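Structure first, commentary second.
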Amino acid sequence: MAYASQPLVGLVGWRGMVGSVLMDRMQAEGDFGLIEPMFFSTSNAGGKAPAMAKNETALKDAYDIESLKKCDIVITAQGGDYTTEVFPKLRAAGWNGHWIDAASTLRMKDDAIIILDPVNLPVIQNALNKGGKNWIGGNCTVSCMLMGVGALYKAGLVEWMTSMTYQAASGGGAQHMRELLTQFGTINSEVKALLDDPKSAILEIDRKVLHKQQNLSAAETANFGAPLGGSLIPWIDKDLGIGAASHDDADWGVSKEEWKGGAETNKILGQGAGFGTAATPVDGFCVRVGAMRCHSQALTFKLKKNVPVADIEALIAADNAWVKVVPNTREATVKDLTPVTVTGTMNIPVGRIRKLAMGPEYVGAFTIGDQLLWGAAEPLRRMLRILLDA
Ligand SMILES: NC(=O)C1=CN([C@@H]2O[C@H](COP(=O)(O)OP(=O)(O)OC[C@H]3O[C@@H](n4cnc5c(N)ncnc54)[C@H](OP(=O)(O)O)[C@@H]3O)[C@@H](O)[C@H]2O)C=CC1
Ligand SMILES: N[C@@H](CC(=O)OP(=O)(O)O)C(=O)O
């Protein structure tokens, strides 16, 4: 145990979507029994801290460096803007504690480790031994993918991989989930009378739906910037720009979410962090779909050699306690390999594992993860436990 008594752990962003899931998981795993929590807020300093508070029952100001400095460990799910503003000030003030963060801001810094311990515990331990202090959760899609198929990387089998994602509204936060449901409601109301009449013409329904989708109000598309209900948006996160030489080697019109796939996967595996020049090329398209929660991904691997599907399944299944191989049958797939089945669970199903027509080294798979659990909250609380056990 690195701490003589229970360490003071500052919790920032605990009432947001990721933060709430984190609080649930910490309670479920008894983490609060091991720490002295101090709750912070950016909007309600002085207000009442949640029930898990022990000695400090009032919310502290999340921008107050002096309060943050008292903490042995700070865990934040407050967001990138908060990290950008507070983290440098806190370090500049001489704070030498552990910073555990869900936001992407610090991920690519040399002194930051992207934490996903079932996949990269040796990388984490190595950094810890060298005095590392900055522990950053990975991009949700990348973390869920590696929880599913990390075994193939660990076995050194992957020559390259593409990932085509189907990312839920929840990846954007609470307002995005509400917006999707509002859009579905508006569209449904538009054709409710026709739907209730079994004799109505489907093309008339279709025409009215399309007209409504194309004429949603600005308020109904404020977060996604485009209709998502009954549609999809093949761009997530920033436009890094064609020829964006300033941004690493990402000059192929890649979106930032796609760039993270290559850069973060390699960094998590401890094999450099470039995109395109990385040890293992990872690239594809990231697409927002009208799912509520859970990110899904269709993966294509070029393996370094021909490995039988049964061996691939066995490797994946043995990798960690949460990955579940779903038999490649229609029945099993529609039952066990959907966002609706996976939401709210720690399970990472991997199915549709099969050889592709391009040749025996080409393997396809489909995987799903609850991006608020393995994609965000869980690696943070597990890092806390690693620090407590160190
Ligand atoms: N959503 C996701 O799937 C993932 C998110 N992340 C990262 O985690 C961070 C936080 O994301 P997320 O949790 O989605 O953000 P949220 O917008 O849900 O919460 C962030 C903060 O918003 C404030 N807030 C304002 N109004 C409300 C309200 N009505 N209810 C709750 N909180 C409110 C809270 O701060 P306060 O209490 O101080 O007012 C809260 O901590 C981001 O950096 C994101 O990039 C990482 C991986 C996945
Ligand atoms: N970008 C992800 C969610 C997220 O917050 O990712 P990151 O932590 O890499 O910014 C999504 O929209 O689905």
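Ordered as shown in the structure tokens, chains take letters A, B, and onward, while each chain numbers its residues from 1 and ligands are numbered from 1 in the order shown.
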Counting only C-alpha atoms and all ligand atoms, which residues of chain A fall within 6 Å of ligand 2, and what is the closest atom pair for each with its distance in Å at one decimal, ordered by chain and rising number, as CSV?
```
residue,atom,partner,partner_atom_place_in_ligand_line,distance
A:Ala103,CA,ligand 2,8 (O),5.1
A:Ser104,CA,ligand 2,10 (O),5.0
A:Asn139,CA,ligand 2,9 (O),3.7
A:Cys140,CA,ligand 2,6 (O),5.7
A:Gln167,CA,ligand 2,13 (O),5.6
A:Gly171,CA,ligand 2,13 (O),3.3
A:Gly172,CA,ligand 2,12 (O),4.4
A:Asp237,CA,ligand 2,1 (N),5.9
```
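By chain and then residue number, the residues within 9 Å of Leu373 in chain A are Val18, Val21, Leu22, Arg25, Cys140, Gly344, Thr345, Met346, Gly369, Asp370, Gln371, Gly375, Ala376, Ala377, Glu378 and Pro379 of chain A, counting only C-alpha atoms and disregarding those fewer than 2 positions away in sequence.
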Keeping C-alpha atoms, export the residues of the selection given above as a PDB file, in the first residue's frame.
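File produced: result-v9.pdb:
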```
ATOM      1  CA  VAL A  18     -19.155   9.241 -17.311  1.00  0.00           C
ATOM      2  CA  VAL A  21     -21.242   5.582 -14.141  1.00  0.00           C
ATOM      3  CA  LEU A  22     -17.878   5.853 -12.385  1.00  0.00           C
ATOM      4  CA  ARG A  25     -18.923   1.276 -10.277  1.00  0.00           C
ATOM      5  CA  CYS A 140     -13.970   4.731 -25.869  1.00  0.00           C
ATOM      6  CA  GLY A 344     -25.096  -1.581 -18.917  1.00  0.00           C
ATOM      7  CA  THR A 345     -22.962  -4.731 -18.803  1.00  0.00           C
ATOM      8  CA  MET A 346     -19.215  -5.177 -18.513  1.00  0.00           C
ATOM      9  CA  GLY A 369     -18.722  -2.453 -25.756  1.00  0.00           C
ATOM     10  CA  ASP A 370     -20.585  -0.161 -23.404  1.00  0.00           C
ATOM     11  CA  GLN A 371     -18.452   2.911 -23.940  1.00  0.00           C
ATOM     12  CA  GLY A 375     -14.812   2.917 -22.767  1.00  0.00           C
ATOM     13  CA  ALA A 376     -14.638   5.500 -19.986  1.00  0.00           C
ATOM     14  CA  ALA A 377     -15.316   4.840 -16.300  1.00  0.00           C
ATOM     15  CA  GLU A 378     -13.877   1.392 -15.623  1.00  0.00           C
ATOM     16  CA  PRO A 379     -10.226   1.979 -16.602  1.00  0.00           C
TER      17      PRO A 379
END
```
Inset, instruction - Return the single residue from A:Gly229, A:Gly272, A:Gly79, A:Gly10 that is closest to ligand 1, with distances computed using only C-alpha atoms and all ligand atoms. - result: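 Among A:Gly229, A:Gly272, A:Gly79, A:Gly10, it is A:Gly79 that comes nearest to ligand 1.
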Legend entry - Shortest interatomic distance to ligand 1 - which of A:Phe32, A:Trp95, A:Tyr63, A:Trp259, counting only C-alpha atoms and all ligand atoms: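 Looking only at the distances to ligand 1, the closest residue turns out to be A:Tyr63.
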Inset, instruction - Could you pull out the residues sitting within 9 Å of ligand 1, using only C-alpha atoms and all ligand atoms, and write them as a count of residues only? - result: 55
Do a neighbour search on range 55-60 of chain A at 8 Å with only C-alpha atoms, toss out local chain neighbours closer than 4 positions, and write the hits as a PDB file with C-alpha atoms, in the first residue's frame.
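What landed in selection-v4.pdb:
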```pdb
ATOM      1  CA  GLU A  36     -11.168   9.587   1.755  1.00  0.00           C
ATOM      2  CA  PRO A  37     -13.161  11.239  -1.038  1.00  0.00           C
ATOM      3  CA  MET A  38     -13.299  14.974  -1.652  1.00  0.00           C
ATOM      4  CA  PHE A  39     -15.987  16.006  -4.145  1.00  0.00           C
ATOM      5  CA  PHE A  40     -15.516  18.999  -6.438  1.00  0.00           C
ATOM      6  CA  SER A  41     -17.876  20.957  -8.669  1.00  0.00           C
ATOM      7  CA  ASN A  44     -22.024  24.341  -7.249  1.00  0.00           C
ATOM      8  CA  ALA A  45     -19.121  24.888  -4.831  1.00  0.00           C
ATOM      9  CA  GLY A  46     -20.393  24.846  -1.265  1.00  0.00           C
ATOM     10  CA  GLY A  47     -23.326  22.614  -2.212  1.00  0.00           C
ATOM     11  CA  LYS A  48     -23.902  19.222  -0.659  1.00  0.00           C
ATOM     12  CA  ALA A  49     -21.558  16.439  -1.669  1.00  0.00           C
ATOM     13  CA  PRO A  50     -23.106  13.060  -2.546  1.00  0.00           C
ATOM     14  CA  ASP A  64      -9.525  26.051  -6.547  1.00  0.00           C
ATOM     15  CA  SER A  67      -8.081  22.507  -2.470  1.00  0.00           C
TER      16      SER A  67
END
```
Inset, instruction - Considering only C-alpha atoms, return as a list in words whatever protein or nucleic-acid residues lie within 6 Å of Val287 in chain A, sequence-local ones (same chain, fewer than 3 positions apart) excluded. - result: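 Once the adjacent positions are removed, what remains is Thr165, Tyr166, Gln167, Ile233, Pro234 and Trp235 of chain A.
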